[in-house]
Amino acid sequence: VDLFGQWVKKPVIAITGSAGKTSVTTLIAQILNLLGKKAIAAGNIGKPMLDVLAEQDRYDYIVLELSSFQLEHAKTFAPAISTILNIFPNHLDRHGSMQEYIEAKGKLLRYQTDEQYSFLPMNYIDAFGMLPRQQKVCWVGDSNYNDIIKELSDVTCAENWNIILAILEHLGYEPEQILPYKDLLAIPAHRVEFVTTKYGVDFYNDSKSTVPESTLQATSRFPKKPIVLL
């Protein structure tokens with residue numbers, strides 16, 4: 001991560017969190033490309049970040065997914081834009097405690113300058129409130145973009161959209177600009193992925209829900225239907 005940060009010249013949008021980071025990274029890159037910019041999703045998803053350096057002149061933005069494993073030893077990495085989507089108990093066999101896990105994620109913010117930005121969910125202000133340093137911080141609330149999110153809710157959850165739309169607005173795009181492209185947006189497989197309907201039953205593959213909170217988020221998207229979890 002530090003080697004990448006030392007040599008990258010293009011604006012980096014860096015994303016971490018216990019859940020949702022692949023979806024958010026994918027969607028931000030997709031949307032930027034649809035809006036006329038050239039962006040690539042890299043890091044913990046797709047192309048390794050160091051491989052991007054040789055071709056970075058092709059892109060306007062590099063959207064980077066980062067895990068706590070990648071961040072825990074960072075000493076200089078400072079992206080133009082950072083976000084921590086959420087935090088749930090995870091990888092504690094490696095990090096030892098919840099506090100150390102949060103601190104590993106927090107390395108994403110630690111070295112940002114006062115000319116850089118971080119977008120953090122307001123409902124995690126107790127967990128993340130001590131992490132920012134000198135960067136500019138935008139605490140994103142749950143109801144900032146309700147009307148737009150209703151139109152986009154089939155793609156990913158509202159919490160992810162709040163952060164995505166806040167970052168895009170910071171980059172100069174109105175949330176409404178995304179709506180014409182909503183049918184072109186897609187997240188990777190295994191995330192509340194519709195499979196088929198048999199005998200009136202809808203089957204979804206949500207096998208990427210590797211923490212209970214992800215499963216709860218998935219089931220909340222079907223408030224009026226009885227659910228059977230397998």
# chains A, B, ... in the order shown; residues from 1 in each chain; ligands from 1
>>> residues_around(residues="stretch 101-113 of chain A", least_positions_apart="4", cutoff="6 Å", atoms="only C-alpha atoms", output="PyMOL selection string")
chain A and resi 68+71-72+76+78+95+131-132+134-135
>>> closest_residue(among="A:Arg221, A:Pro212, A:Asp93, A:Val137", to="A:Lys150", atoms="only C-alpha atoms")
A:Arg221
>>> closest_residue(among="A:Leu85, A:Leu35, A:Ala74, A:Val1", to="A:Tyr173", atoms="only C-alpha atoms")
A:Leu35
>>> closest_residue(among="A:Leu179, A:Val155, A:Ala166, A:Met98", to="A:Leu27", atoms="only C-alpha atoms")
A:Val155
>>> atom_distance(atom1="atom CA of A:Lys208", atom2="atom CA of A:His190")
5.4 Å
>>> atom_distance(atom1="atom CA of A:Tyr181", atom2="atom CA of A:Gly36")
12.0 Å
>>> residues_around(residues="A:Gln177", least_positions_apart="3", cutoff="12 Å", atoms="only C-alpha atoms", output="PDB file with N, CA, C and O atoms, in the first residue's frame")
ATOM      1  N   ILE A  31     -19.864   3.781 -12.139  1.00  0.00           N
ATOM      2  CA  ILE A  31     -20.580   5.048 -12.312  1.00  0.00           C
ATOM      3  C   ILE A  31     -19.664   6.101 -12.922  1.00  0.00           C
ATOM      4  O   ILE A  31     -20.070   6.836 -13.835  1.00  0.00           O
ATOM      5  N   LEU A  32     -18.433   6.202 -12.443  1.00  0.00           N
ATOM      6  CA  LEU A  32     -17.508   7.184 -13.004  1.00  0.00           C
ATOM      7  C   LEU A  32     -17.288   6.935 -14.498  1.00  0.00           C
ATOM      8  O   LEU A  32     -17.249   7.874 -15.299  1.00  0.00           O
ATOM      9  N   LEU A  34     -19.416   5.460 -16.555  1.00  0.00           N
ATOM     10  CA  LEU A  34     -20.661   5.805 -17.242  1.00  0.00           C
ATOM     11  C   LEU A  34     -20.831   7.316 -17.372  1.00  0.00           C
ATOM     12  O   LEU A  34     -21.448   7.801 -18.330  1.00  0.00           O
ATOM     13  N   LEU A  35     -20.268   8.062 -16.432  1.00  0.00           N
ATOM     14  CA  LEU A  35     -20.380   9.518 -16.456  1.00  0.00           C
ATOM     15  C   LEU A  35     -19.272  10.175 -17.286  1.00  0.00           C
ATOM     16  O   LEU A  35     -19.149  11.399 -17.302  1.00  0.00           O
ATOM     17  N   GLY A  36     -18.480   9.358 -17.953  1.00  0.00           N
ATOM     18  CA  GLY A  36     -17.510   9.917 -18.891  1.00  0.00           C
ATOM     19  C   GLY A  36     -16.081   9.966 -18.405  1.00  0.00           C
ATOM     20  O   GLY A  36     -15.186  10.410 -19.141  1.00  0.00           O
ATOM     21  N   ILE A 148     -33.436   9.444  -4.052  1.00  0.00           N
ATOM     22  CA  ILE A 148     -32.613   8.809  -5.082  1.00  0.00           C
ATOM     23  C   ILE A 148     -32.399   7.343  -4.764  1.00  0.00           C
ATOM     24  O   ILE A 148     -32.473   6.469  -5.641  1.00  0.00           O
ATOM     25  N   LEU A 165     -23.031   8.138  -3.049  1.00  0.00           N
ATOM     26  CA  LEU A 165     -23.586   9.393  -3.553  1.00  0.00           C
ATOM     27  C   LEU A 165     -22.872  10.605  -2.956  1.00  0.00           C
ATOM     28  O   LEU A 165     -22.672  11.617  -3.634  1.00  0.00           O
ATOM     29  N   LEU A 168     -19.586  10.921  -4.879  1.00  0.00           N
ATOM     30  CA  LEU A 168     -19.820  11.415  -6.238  1.00  0.00           C
ATOM     31  C   LEU A 168     -20.217  12.888  -6.226  1.00  0.00           C
ATOM     32  O   LEU A 168     -19.786  13.659  -7.099  1.00  0.00           O
ATOM     33  N   GLU A 169     -20.993  13.290  -5.232  1.00  0.00           N
ATOM     34  CA  GLU A 169     -21.374  14.699  -5.139  1.00  0.00           C
ATOM     35  C   GLU A 169     -20.125  15.558  -4.883  1.00  0.00           C
ATOM     36  O   GLU A 169     -19.987  16.646  -5.444  1.00  0.00           O
ATOM     37  N   GLY A 172     -18.382  16.399  -7.927  1.00  0.00           N
ATOM     38  CA  GLY A 172     -19.049  17.338  -8.825  1.00  0.00           C
ATOM     39  C   GLY A 172     -20.243  16.791  -9.565  1.00  0.00           C
ATOM     40  O   GLY A 172     -20.758  17.438 -10.490  1.00  0.00           O
ATOM     41  N   TYR A 173     -20.730  15.605  -9.178  1.00  0.00           N
ATOM     42  CA  TYR A 173     -21.867  14.993  -9.858  1.00  0.00           C
ATOM     43  C   TYR A 173     -23.109  15.049  -8.979  1.00  0.00           C
ATOM     44  O   TYR A 173     -23.047  14.736  -7.782  1.00  0.00           O
ATOM     45  N   GLU A 174     -24.227  15.421  -9.575  1.00  0.00           N
ATOM     46  CA  GLU A 174     -25.491  15.391  -8.858  1.00  0.00           C
ATOM     47  C   GLU A 174     -25.994  13.951  -8.796  1.00  0.00           C
ATOM     48  O   GLU A 174     -25.866  13.198  -9.780  1.00  0.00           O
ATOM     49  N   PRO A 180     -30.313   7.657 -14.975  1.00  0.00           N
ATOM     50  CA  PRO A 180     -30.450   7.098 -16.327  1.00  0.00           C
ATOM     51  C   PRO A 180     -29.644   5.817 -16.548  1.00  0.00           C
ATOM     52  O   PRO A 180     -29.921   5.066 -17.489  1.00  0.00           O
ATOM     53  N   TYR A 181     -28.665   5.565 -15.692  1.00  0.00           N
ATOM     54  CA  TYR A 181     -27.787   4.414 -15.871  1.00  0.00           C
ATOM     55  C   TYR A 181     -28.092   3.270 -14.903  1.00  0.00           C
ATOM     56  O   TYR A 181     -27.346   2.289 -14.862  1.00  0.00           O
ATOM     57  N   LYS A 182     -29.164   3.385 -14.139  1.00  0.00           N
ATOM     58  CA  LYS A 182     -29.368   2.426 -13.042  1.00  0.00           C
ATOM     59  C   LYS A 182     -29.484   0.986 -13.525  1.00  0.00           C
ATOM     60  O   LYS A 182     -29.059   0.052 -12.832  1.00  0.00           O
TER      61      LYS A 182
END
>>> residues_around(residues="A:Cys138", least_positions_apart="4", cutoff="8 Å", atoms="only C-alpha atoms", output="list in words")
Tyr117, Ser118, Phe119 and Leu120 of chain A
>>> write_last_selection(atoms="N, CA and C atoms", output="PDB file, in the first residue's frame")
ATOM      1  N   TYR A 117      -9.834  14.113   1.809  1.00  0.00           N
ATOM      2  CA  TYR A 117     -11.180  13.993   2.346  1.00  0.00           C
ATOM      3  C   TYR A 117     -11.479  12.566   2.816  1.00  0.00           C
ATOM      4  N   SER A 118     -12.314  12.488   3.850  1.00  0.00           N
ATOM      5  CA  SER A 118     -12.817  11.202   4.300  1.00  0.00           C
ATOM      6  C   SER A 118     -14.332  11.285   4.466  1.00  0.00           C
ATOM      7  N   PHE A 119     -15.027  10.269   3.993  1.00  0.00           N
ATOM      8  CA  PHE A 119     -16.480  10.186   4.102  1.00  0.00           C
ATOM      9  C   PHE A 119     -16.820   9.006   5.009  1.00  0.00           C
ATOM     10  N   LEU A 120     -17.448   9.323   6.153  1.00  0.00           N
ATOM     11  CA  LEU A 120     -17.699   8.306   7.176  1.00  0.00           C
ATOM     12  C   LEU A 120     -19.167   8.288   7.547  1.00  0.00           C
TER      13      LEU A 120
END
